[in-house]
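structure-v4.txt (compact mmCIF, C-alpha atoms and all ligand atoms) appears below.
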```txt
# COMPACT_ATOMS: atom_id res chain seq x y z
CA MET A 6 -87.59 26.86 57.97
CA LYS A 7 -89.16 27.35 54.53
CA LEU A 8 -89.03 30.16 51.98
CA GLU A 9 -92.25 32.10 51.38
CA ARG A 10 -93.45 32.56 47.82
CA HIS A 11 -94.27 36.07 46.61
CA SER A 12 -97.96 36.54 45.88
CA TYR A 13 -97.22 37.92 42.38
CA ASN A 14 -95.50 34.71 41.24
CA PRO A 15 -94.51 33.98 38.59
CA ILE A 16 -92.89 37.40 38.26
CA LEU A 17 -91.54 36.87 34.71
CA LEU A 18 -93.07 34.76 31.95
CA PRO A 19 -91.97 33.83 28.44
CA ASN A 20 -92.79 36.47 25.85
CA PRO A 21 -94.82 34.96 22.99
CA GLN A 22 -94.21 38.04 20.84
CA SER A 23 -90.50 37.37 20.82
CA VAL A 24 -88.64 34.78 18.75
CA TRP A 25 -85.81 34.18 21.25
CA GLU A 26 -87.77 34.06 24.54
CA SER A 27 -91.12 32.72 23.45
CA TYR A 28 -90.92 29.31 25.21
CA ASN A 29 -89.03 29.56 28.48
CA VAL A 30 -87.49 32.15 30.79
CA PHE A 31 -85.79 30.74 33.89
CA ASN A 32 -82.82 30.48 36.26
CA PRO A 33 -82.23 34.22 36.76
CA SER A 34 -79.40 36.10 38.40
CA VAL A 35 -80.44 39.27 40.23
CA ILE A 36 -78.26 41.94 41.82
CA THR A 37 -79.02 45.37 43.25
CA HIS A 38 -76.95 48.27 41.99
CA GLN A 39 -77.50 52.03 42.29
CA GLY A 40 -81.01 51.60 43.68
CA LEU A 41 -82.30 49.22 40.99
CA PHE A 42 -82.68 45.46 40.65
CA HIS A 43 -80.88 44.01 37.62
CA MET A 44 -81.86 40.61 36.31
CA HIS A 45 -80.03 38.38 33.83
CA TYR A 46 -82.02 35.34 32.83
CA ARG A 47 -81.86 32.30 30.61
CA ALA A 48 -84.35 32.26 27.74
CA GLN A 49 -85.33 29.83 24.98
CA GLY A 50 -87.43 30.51 21.92
CA LEU A 51 -88.29 29.00 18.58
CA ASP A 52 -84.81 27.60 17.88
CA TRP A 53 -84.47 26.10 21.41
CA ILE A 54 -81.11 27.79 21.88
CA SER A 55 -80.49 29.44 25.26
CA ARG A 56 -79.63 33.13 25.37
CA ILE A 57 -79.21 35.55 28.26
CA GLY A 58 -81.78 38.33 28.57
CA TYR A 59 -81.72 41.40 30.80
CA ALA A 60 -84.47 43.13 32.76
CA VAL A 61 -84.46 46.00 35.25
CA SER A 62 -86.82 46.80 38.12
CA GLU A 63 -87.39 49.41 40.81
CA ASP A 64 -89.01 46.99 43.26
CA GLY A 65 -87.58 43.58 42.34
CA VAL A 66 -91.05 42.32 41.39
CA ASN A 67 -92.17 44.27 38.29
CA TRP A 68 -89.67 44.04 35.45
CA ASN A 69 -88.85 45.90 32.24
CA ARG A 70 -86.96 43.79 29.76
CA LEU A 71 -84.63 44.71 26.95
CA ARG A 72 -85.89 43.70 23.53
CA ASP A 73 -82.72 41.80 22.57
CA PRO A 74 -80.55 39.33 24.49
CA VAL A 75 -77.37 40.65 26.11
CA LEU A 76 -75.41 37.42 25.59
CA GLU A 77 -75.74 35.09 22.61
CA PRO A 78 -73.83 31.89 21.80
CA GLU A 79 -70.47 32.22 20.08
CA GLY A 80 -68.35 29.29 18.88
CA ASP A 81 -68.59 25.49 19.03
CA HIS A 82 -68.67 25.09 22.80
CA GLU A 83 -71.70 27.41 22.95
CA ALA A 84 -73.41 26.07 19.82
CA ARG A 85 -76.63 25.15 21.67
CA GLY A 86 -76.68 28.04 24.05
CA VAL A 87 -75.53 30.10 27.00
CA GLU A 88 -77.26 29.12 30.26
CA ASP A 89 -77.82 29.91 33.92
CA PRO A 90 -76.16 33.33 34.45
CA ARG A 91 -74.81 34.29 37.88
CA VAL A 92 -73.62 37.89 38.22
CA THR A 93 -71.37 39.20 41.01
CA GLU A 94 -69.97 42.71 41.48
CA ILE A 95 -66.39 43.01 42.69
CA ASP A 96 -64.68 46.43 42.94
CA GLY A 97 -67.07 48.08 40.47
CA VAL A 98 -66.77 45.35 37.81
CA PHE A 99 -69.50 42.81 37.06
CA TYR A 100 -68.56 39.17 36.47
CA MET A 101 -70.95 36.61 35.05
CA GLY A 102 -70.56 32.86 35.38
CA TYR A 103 -72.59 31.09 32.69
CA THR A 104 -72.74 27.60 31.25
CA ALA A 105 -71.74 27.11 27.63
CA PHE A 106 -73.75 24.23 26.14
CA SER A 107 -72.30 22.54 23.05
CA GLY A 108 -74.95 19.86 22.59
CA LYS A 109 -72.20 17.26 22.02
CA GLU A 110 -72.82 13.69 23.15
CA SER A 111 -69.71 13.24 25.30
CA LYS A 112 -70.29 14.29 28.93
CA ASP A 113 -66.83 15.89 29.02
CA ASN A 114 -67.51 18.19 26.07
CA ARG A 115 -71.15 18.98 26.65
CA VAL A 116 -70.80 21.90 29.03
CA THR A 117 -68.09 24.44 29.84
CA PRO A 118 -68.20 26.76 32.87
CA MET A 119 -67.45 30.23 31.40
CA PHE A 120 -66.86 33.70 32.81
CA ALA A 121 -67.60 37.08 31.22
CA ARG A 122 -67.02 40.66 32.39
CA SER A 123 -69.01 43.90 32.09
CA VAL A 124 -68.92 47.44 33.44
CA ASN A 125 -72.52 48.32 32.48
CA LEU A 126 -74.41 44.99 32.87
CA ILE A 127 -75.42 45.00 29.19
CA THR A 128 -72.21 44.67 27.15
CA TRP A 129 -70.34 41.49 28.11
CA ASP A 130 -66.80 40.42 27.19
CA ARG A 131 -65.82 36.79 27.54
CA ILE A 132 -62.93 36.07 29.90
CA GLY A 133 -62.72 32.30 29.37
CA PRO A 134 -63.50 28.97 31.04
CA LEU A 135 -62.91 27.97 34.67
CA VAL A 136 -62.00 24.46 33.47
CA GLU A 137 -62.45 22.55 30.23
CA GLY A 138 -63.13 18.93 29.32
CA GLU A 139 -65.24 17.88 32.29
CA ASP A 140 -68.85 17.92 33.46
CA ASN A 141 -68.69 21.23 35.32
CA LYS A 142 -71.20 24.09 35.79
CA ASP A 143 -73.07 25.97 38.58
CA HIS A 144 -70.10 28.30 39.03
CA PHE A 145 -70.02 31.82 40.50
CA LEU A 146 -67.78 34.12 42.50
CA LEU A 147 -67.55 35.01 46.14
CA PRO A 148 -68.52 38.74 46.22
CA LYS A 149 -65.11 39.63 47.64
CA LYS A 150 -61.49 38.63 47.01
CA LEU A 151 -59.65 36.70 49.71
CA ASN A 152 -55.88 37.20 50.03
CA GLY A 153 -55.89 39.06 46.71
CA ARG A 154 -57.51 36.15 44.88
CA PHE A 155 -60.85 35.68 43.16
CA ILE A 156 -62.75 32.79 44.76
CA ALA A 157 -65.18 30.68 42.75
CA PHE A 158 -67.55 27.83 43.53
CA HIS A 159 -68.25 25.24 40.86
CA ARG A 160 -69.92 21.88 40.45
CA ARG A 161 -67.75 18.96 39.49
CA PHE A 162 -70.46 16.39 39.21
CA PRO A 163 -71.93 15.59 41.70
CA ASN A 164 -70.12 17.80 44.24
CA ILE A 165 -69.59 21.48 45.03
CA TRP A 166 -65.96 22.59 44.66
CA TYR A 167 -63.92 25.67 45.45
CA ALA A 168 -61.37 27.39 43.16
CA GLU A 169 -58.98 30.36 43.29
CA SER A 170 -57.51 32.68 40.66
CA VAL A 171 -55.35 35.79 40.64
CA ASP A 172 -56.61 37.01 37.26
CA MET A 173 -59.93 35.21 36.50
CA GLU A 174 -58.22 33.52 33.55
CA ASN A 175 -56.15 30.83 35.24
CA TRP A 176 -57.79 28.59 37.81
CA PRO A 177 -54.99 26.23 38.87
CA GLU A 178 -55.88 22.71 39.96
CA GLU A 179 -53.82 23.23 43.17
CA GLY A 180 -56.37 25.83 44.30
CA MET A 181 -59.34 23.50 43.89
CA THR A 182 -60.95 21.84 46.90
CA LEU A 183 -64.05 19.72 47.31
CA ILE A 184 -66.32 21.33 49.87
CA MET A 185 -69.75 19.63 49.80
CA SER A 186 -71.11 16.32 48.50
CA PRO A 187 -74.57 14.80 48.07
CA ARG A 188 -75.88 13.02 51.20
CA PRO A 189 -76.97 9.54 50.10
CA ASP A 190 -79.03 9.08 53.29
CA ASN A 191 -80.80 12.44 53.12
CA GLY A 192 -83.45 12.13 50.41
CA TRP A 193 -83.65 15.49 48.63
CA ASP A 194 -79.90 16.12 48.11
CA SER A 195 -78.81 12.49 47.77
CA VAL A 196 -77.67 12.33 44.11
CA SER A 197 -76.17 15.67 43.00
CA ILE A 198 -75.75 19.19 44.37
CA GLY A 199 -74.62 22.58 42.98
CA GLY A 200 -74.38 26.15 44.26
CA ASN A 201 -77.08 28.78 43.58
CA GLY A 202 -75.99 32.44 43.68
CA SER A 203 -73.06 34.24 45.32
CA PRO A 204 -73.06 33.54 49.06
CA ILE A 205 -74.06 36.33 51.46
CA GLU A 206 -71.49 37.58 53.98
CA THR A 207 -72.73 37.44 57.58
CA GLU A 208 -70.92 37.92 60.89
CA PHE A 209 -71.10 34.14 61.39
CA GLY A 210 -69.83 33.03 57.98
CA TRP A 211 -70.83 32.86 54.31
CA LEU A 212 -74.51 31.99 53.89
CA MET A 213 -74.51 29.64 50.92
CA PHE A 214 -77.64 28.59 49.00
CA TYR A 215 -77.50 25.45 46.91
CA HIS A 216 -79.73 23.01 45.02
CA GLY A 217 -79.90 19.27 45.14
CA TYR A 218 -81.80 16.41 43.58
CA GLU A 219 -82.56 12.76 44.28
CA GLU A 220 -83.35 9.70 42.12
CA SER A 221 -86.51 11.25 40.64
CA ARG A 222 -84.59 14.46 39.67
CA THR A 223 -86.82 16.75 41.72
CA TYR A 224 -84.78 19.93 42.31
CA ARG A 225 -85.01 21.51 45.78
CA LEU A 226 -83.08 24.29 47.56
CA GLY A 227 -81.09 24.23 50.79
CA VAL A 228 -78.50 26.26 52.72
CA ALA A 229 -75.15 25.85 54.43
CA MET A 230 -72.83 28.10 56.43
CA LEU A 231 -69.18 28.39 55.35
CA GLU A 232 -66.28 29.82 57.32
CA LEU A 233 -65.55 33.51 56.58
CA GLU A 234 -61.76 33.38 56.19
CA ASP A 235 -61.74 29.90 54.67
CA PRO A 236 -64.96 29.10 52.76
CA THR A 237 -63.75 25.55 52.09
CA VAL A 238 -64.81 24.81 55.68
CA VAL A 239 -68.51 23.96 56.10
CA ILE A 240 -69.57 25.09 59.58
CA ASN A 241 -73.07 23.63 59.37
CA ARG A 242 -75.42 22.15 56.79
CA PRO A 243 -79.06 21.62 57.81
CA ARG A 244 -80.63 18.39 56.59
CA GLU A 245 -83.92 19.97 55.49
CA TRP A 246 -84.65 21.73 52.21
CA ILE A 247 -86.09 25.28 52.20
CA LEU A 248 -88.00 25.29 48.87
CA GLU A 249 -89.42 22.47 46.78
CA PRO A 250 -91.62 22.45 43.65
CA ARG A 251 -95.24 22.85 44.74
CA GLU A 252 -97.07 25.41 42.57
CA ARG A 253 -98.48 24.11 39.33
CA TRP A 254 -95.99 26.17 37.25
CA GLU A 255 -93.09 24.68 39.28
CA VAL A 256 -94.33 21.12 38.84
CA HIS A 257 -95.40 21.28 35.16
CA GLY A 258 -93.45 23.17 32.52
CA HIS A 259 -90.57 22.36 30.22
CA VAL A 260 -88.78 20.11 32.78
CA PRO A 261 -91.09 18.88 35.57
CA ASN A 262 -90.50 19.37 39.32
CA VAL A 263 -87.76 21.96 39.26
CA VAL A 264 -87.01 24.97 41.41
CA PHE A 265 -83.56 26.16 40.36
CA SER A 266 -81.99 29.37 41.63
CA CYS A 267 -79.03 31.51 40.55
CA ALA A 268 -79.66 34.41 42.94
CA ASN A 269 -80.04 34.92 46.67
CA ILE A 270 -79.65 38.56 47.68
CA ARG A 271 -80.04 40.53 50.84
CA VAL A 272 -82.87 43.09 50.63
CA GLY A 273 -83.25 45.02 53.91
CA ASP A 274 -83.86 42.50 56.67
CA GLN A 275 -84.81 39.77 54.21
CA VAL A 276 -83.18 37.43 51.71
CA TRP A 277 -84.82 37.28 48.28
CA VAL A 278 -84.35 34.10 46.31
CA TYR A 279 -85.09 34.23 42.57
CA TYR A 280 -85.67 30.93 40.82
CA GLY A 281 -86.84 29.22 37.68
CA GLY A 282 -89.91 26.98 37.95
CA ALA A 283 -90.00 23.83 35.79
CA ASP A 284 -87.50 25.52 33.40
CA ARG A 285 -90.34 27.75 32.15
CA ALA A 286 -91.03 30.82 34.33
CA ILE A 287 -89.41 32.92 37.05
CA GLY A 288 -90.50 33.26 40.66
CA LEU A 289 -89.45 34.98 43.88
CA ALA A 290 -89.40 33.48 47.38
CA THR A 291 -88.25 35.31 50.50
CA CYS A 292 -87.30 34.79 54.13
CA ASP A 293 -86.20 36.75 57.15
CA PHE A 294 -82.41 37.29 57.17
CA ASP A 295 -81.88 36.52 60.88
CA GLU A 296 -84.05 33.41 60.68
CA ILE A 297 -82.22 31.89 57.73
CA VAL A 298 -78.84 32.69 59.32
CA GLU A 299 -79.97 30.96 62.53
CA PHE A 300 -81.21 27.98 60.53
CA ALA A 301 -77.99 27.75 58.51
CA ARG A 302 -75.91 27.82 61.72
CA PHE A 303 -77.92 25.45 63.88
CA GLY A 304 -80.58 23.75 61.75
C1 LIG A 401 -79.66 21.60 35.38
C2 LIG A 401 -79.42 22.90 34.65
C3 LIG A 401 -80.52 23.88 34.91
C4 LIG A 401 -81.89 23.29 34.83
C5 LIG A 401 -81.94 21.98 35.60
C6 LIG A 401 -83.29 21.29 35.50
O1 LIG A 401 -78.72 20.65 34.99
O2 LIG A 401 -79.36 22.66 33.25
O3 LIG A 401 -80.42 24.91 33.98
O4 LIG A 401 -82.81 24.18 35.37
O5 LIG A 401 -80.94 21.12 35.14
O6 LIG A 401 -83.62 20.98 34.18
```
Could I get this file's structure written as structure tokens?
Amino acid sequence: MKLERHSYNPILLPNPQSVWESYNVFNPSVITHQGLFHMHYRAQGLDWISRIGYAVSEDGVNWNRLRDPVLEPEGDHEARGVEDPRVTEIDGVFYMGYTAFSGKESKDNRVTPMFARSVNLITWDRIGPLVEGEDNKDHFLLPKKLNGRFIAFHRRFPNIWYAESVDMENWPEEGMTLIMSPRPDNGWDSVSIGGNGSPIETEFGWLMFYHGYEESRTYRLGVAMLELEDPTVVINRPREWILEPRERWEVHGHVPNVVFSCANIRVGDQVWVYYGGADRAIGLATCDFDEIVEFARFG
């Protein structure tokens, strides 16, 4: 089971006419809302600071971008940028998980997993961090509350964890559970793993997309199936990856050999996976919904 690349790839490139997104655009979030595709993406320009840009599309392939970023760094913990947005809609409100990058040397102060809130996808208000003082990122929400609680996934290096909150502000340690670890004997996801975009609800469980890398730091994508009522339970996790860097723009760019995704959405009878290639450009890869569900359950 492999994802199929869209023939128009890459579907979004850096904009040389713009100061803030002239070098790299990558790691996008995409959601559908009121008949349009809405993309939030990480961008770097002349100052090498990451900002979040926004683009909108009728078909999910051709994009119109806003001239200015919709989220810019604020404060010490974001001094070097805001990275890797992941947007989820819950009860008519949009929540974005993003990584605050301080640039500090210490691993525990370098990144902070942050959340922000919006009702229009363009104006964002910060809610606060999921945790502080540890190497933690790749966080996003389940698209639905369970037992009245917000559910988040996050990456406590090098594992994928689960967290719960009643208000999105407090994420108590008691609600945190380790759910998936790297597989030292499995090649592609042997060193570190992290979640991609919000999992997709299916009748058989939550279809979860994640990334992993091995010694050479080649980033690939894979899937797992999590239990519907209790997503801390992994029902199945195929050993094979579903997308690896292969195109020239995925192999050579700002960081070599990277496909990194923050969005996997259901579009009709398909799943569309949006990803950054080599931390430079944005691509789309797709698969049949029933086939990927089958693979995630039994592969
Ligand atoms: C990860 C994140 C991603 C990036 C990847 C490869 O740690 O910072 O934003 O795409 O590394 O460089």
Shell of 6 Å around ligand LIG 401 (chain A) (all atoms listed in the file), written as a PDB file with C-alpha atoms, in the frame of the given file:
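Heads up, here's the output in result_25.pdb:
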```
ATOM      1  CA  ASP A  89     -77.820  29.910  33.920  1.00  0.00           C
ATOM      2  CA  VAL A 260     -88.780  20.110  32.780  1.00  0.00           C
ATOM      3  CA  VAL A 263     -87.760  21.960  39.260  1.00  0.00           C
ATOM      4  CA  PHE A 265     -83.560  26.160  40.360  1.00  0.00           C
ATOM      5  CA  ASP A 284     -87.500  25.520  33.400  1.00  0.00           C
TER       6      ASP A 284
END
```
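Among A:Leu248, A:Ala268, A:Leu212, A:Ile54, the residue with the shortest atom-to-atom distance to Tyr224 (chain A), counting all atoms listed in the file, is A:Leu248.
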- Task: Write out as a ChimeraX atom specification the residues lying within 12 Å of region 228-240 of chain A, counting only C-alpha atoms and excluding same-chain residues fewer than 5 positions away.
- Result: /A:6-8,146-152,156-158,165-169,180-186,194,198-202,204-217,245-248,269,278,297-304
Write out the residues from the selection above, keeping C-alpha atoms, as a short mmCIF file (atom, residue, chain, number, x, y, z; two decimals), in the coordinates of the input.
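Writing the result to out_17.cif gives the following:
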```cif
data_model
loop_
_atom_site.label_atom_id
_atom_site.label_comp_id
_atom_site.auth_asym_id
_atom_site.auth_seq_id
_atom_site.Cartn_x
_atom_site.Cartn_y
_atom_site.Cartn_z
CA MET A 6 -87.59 26.86 57.97
CA LYS A 7 -89.16 27.35 54.53
CA LEU A 8 -89.03 30.16 51.98
CA LEU A 146 -67.78 34.12 42.50
CA LEU A 147 -67.55 35.01 46.14
CA PRO A 148 -68.52 38.74 46.22
CA LYS A 149 -65.11 39.63 47.64
CA LYS A 150 -61.49 38.63 47.01
CA LEU A 151 -59.65 36.70 49.71
CA ASN A 152 -55.88 37.20 50.03
CA ILE A 156 -62.75 32.79 44.76
CA ALA A 157 -65.18 30.68 42.75
CA PHE A 158 -67.55 27.83 43.53
CA ILE A 165 -69.59 21.48 45.03
CA TRP A 166 -65.96 22.59 44.66
CA TYR A 167 -63.92 25.67 45.45
CA ALA A 168 -61.37 27.39 43.16
CA GLU A 169 -58.98 30.36 43.29
CA GLY A 180 -56.37 25.83 44.30
CA MET A 181 -59.34 23.50 43.89
CA THR A 182 -60.95 21.84 46.90
CA LEU A 183 -64.05 19.72 47.31
CA ILE A 184 -66.32 21.33 49.87
CA MET A 185 -69.75 19.63 49.80
CA SER A 186 -71.11 16.32 48.50
CA ASP A 194 -79.90 16.12 48.11
CA ILE A 198 -75.75 19.19 44.37
CA GLY A 199 -74.62 22.58 42.98
CA GLY A 200 -74.38 26.15 44.26
CA ASN A 201 -77.08 28.78 43.58
CA GLY A 202 -75.99 32.44 43.68
CA PRO A 204 -73.06 33.54 49.06
CA ILE A 205 -74.06 36.33 51.46
CA GLU A 206 -71.49 37.58 53.98
CA THR A 207 -72.73 37.44 57.58
CA GLU A 208 -70.92 37.92 60.89
CA PHE A 209 -71.10 34.14 61.39
CA GLY A 210 -69.83 33.03 57.98
CA TRP A 211 -70.83 32.86 54.31
CA LEU A 212 -74.51 31.99 53.89
CA MET A 213 -74.51 29.64 50.92
CA PHE A 214 -77.64 28.59 49.00
CA TYR A 215 -77.50 25.45 46.91
CA HIS A 216 -79.73 23.01 45.02
CA GLY A 217 -79.90 19.27 45.14
CA GLU A 245 -83.92 19.97 55.49
CA TRP A 246 -84.65 21.73 52.21
CA ILE A 247 -86.09 25.28 52.20
CA LEU A 248 -88.00 25.29 48.87
CA ASN A 269 -80.04 34.92 46.67
CA VAL A 278 -84.35 34.10 46.31
CA ILE A 297 -82.22 31.89 57.73
CA VAL A 298 -78.84 32.69 59.32
CA GLU A 299 -79.97 30.96 62.53
CA PHE A 300 -81.21 27.98 60.53
CA ALA A 301 -77.99 27.75 58.51
CA ARG A 302 -75.91 27.82 61.72
CA PHE A 303 -77.92 25.45 63.88
CA GLY A 304 -80.58 23.75 61.75
#
```
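Summary of the local environment: counting only C-alpha atoms, residues at most 7 Å from Val92 (chain A), other than itself and those fewer than 5 positions away along its chain, are Ser34, Phe99, Tyr100, Met101 and Gly102 of chain A.
Selection around (-87.3, 33.3, 30.3) with radius 10 Å, counting all atoms listed in the file, yields the residues Leu17, Leu18, Pro19, Asn20, Trp25, Glu26, Ser27, Tyr28, Asn29, Val30, Phe31, Asn32, Pro33, His45, Tyr46, Arg47, Ala48, Gln49, Gly50, Ser55, Arg56, Ile57, Gly58, Tyr59, Gly281, Asp284, Arg285, Ala286 and Ile287 of chain A.
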- Straight-line distance linking CA of Thr128 (chain A) with CA of Ser203 (chain A), stated in Å to one decimal: 21.0 Å
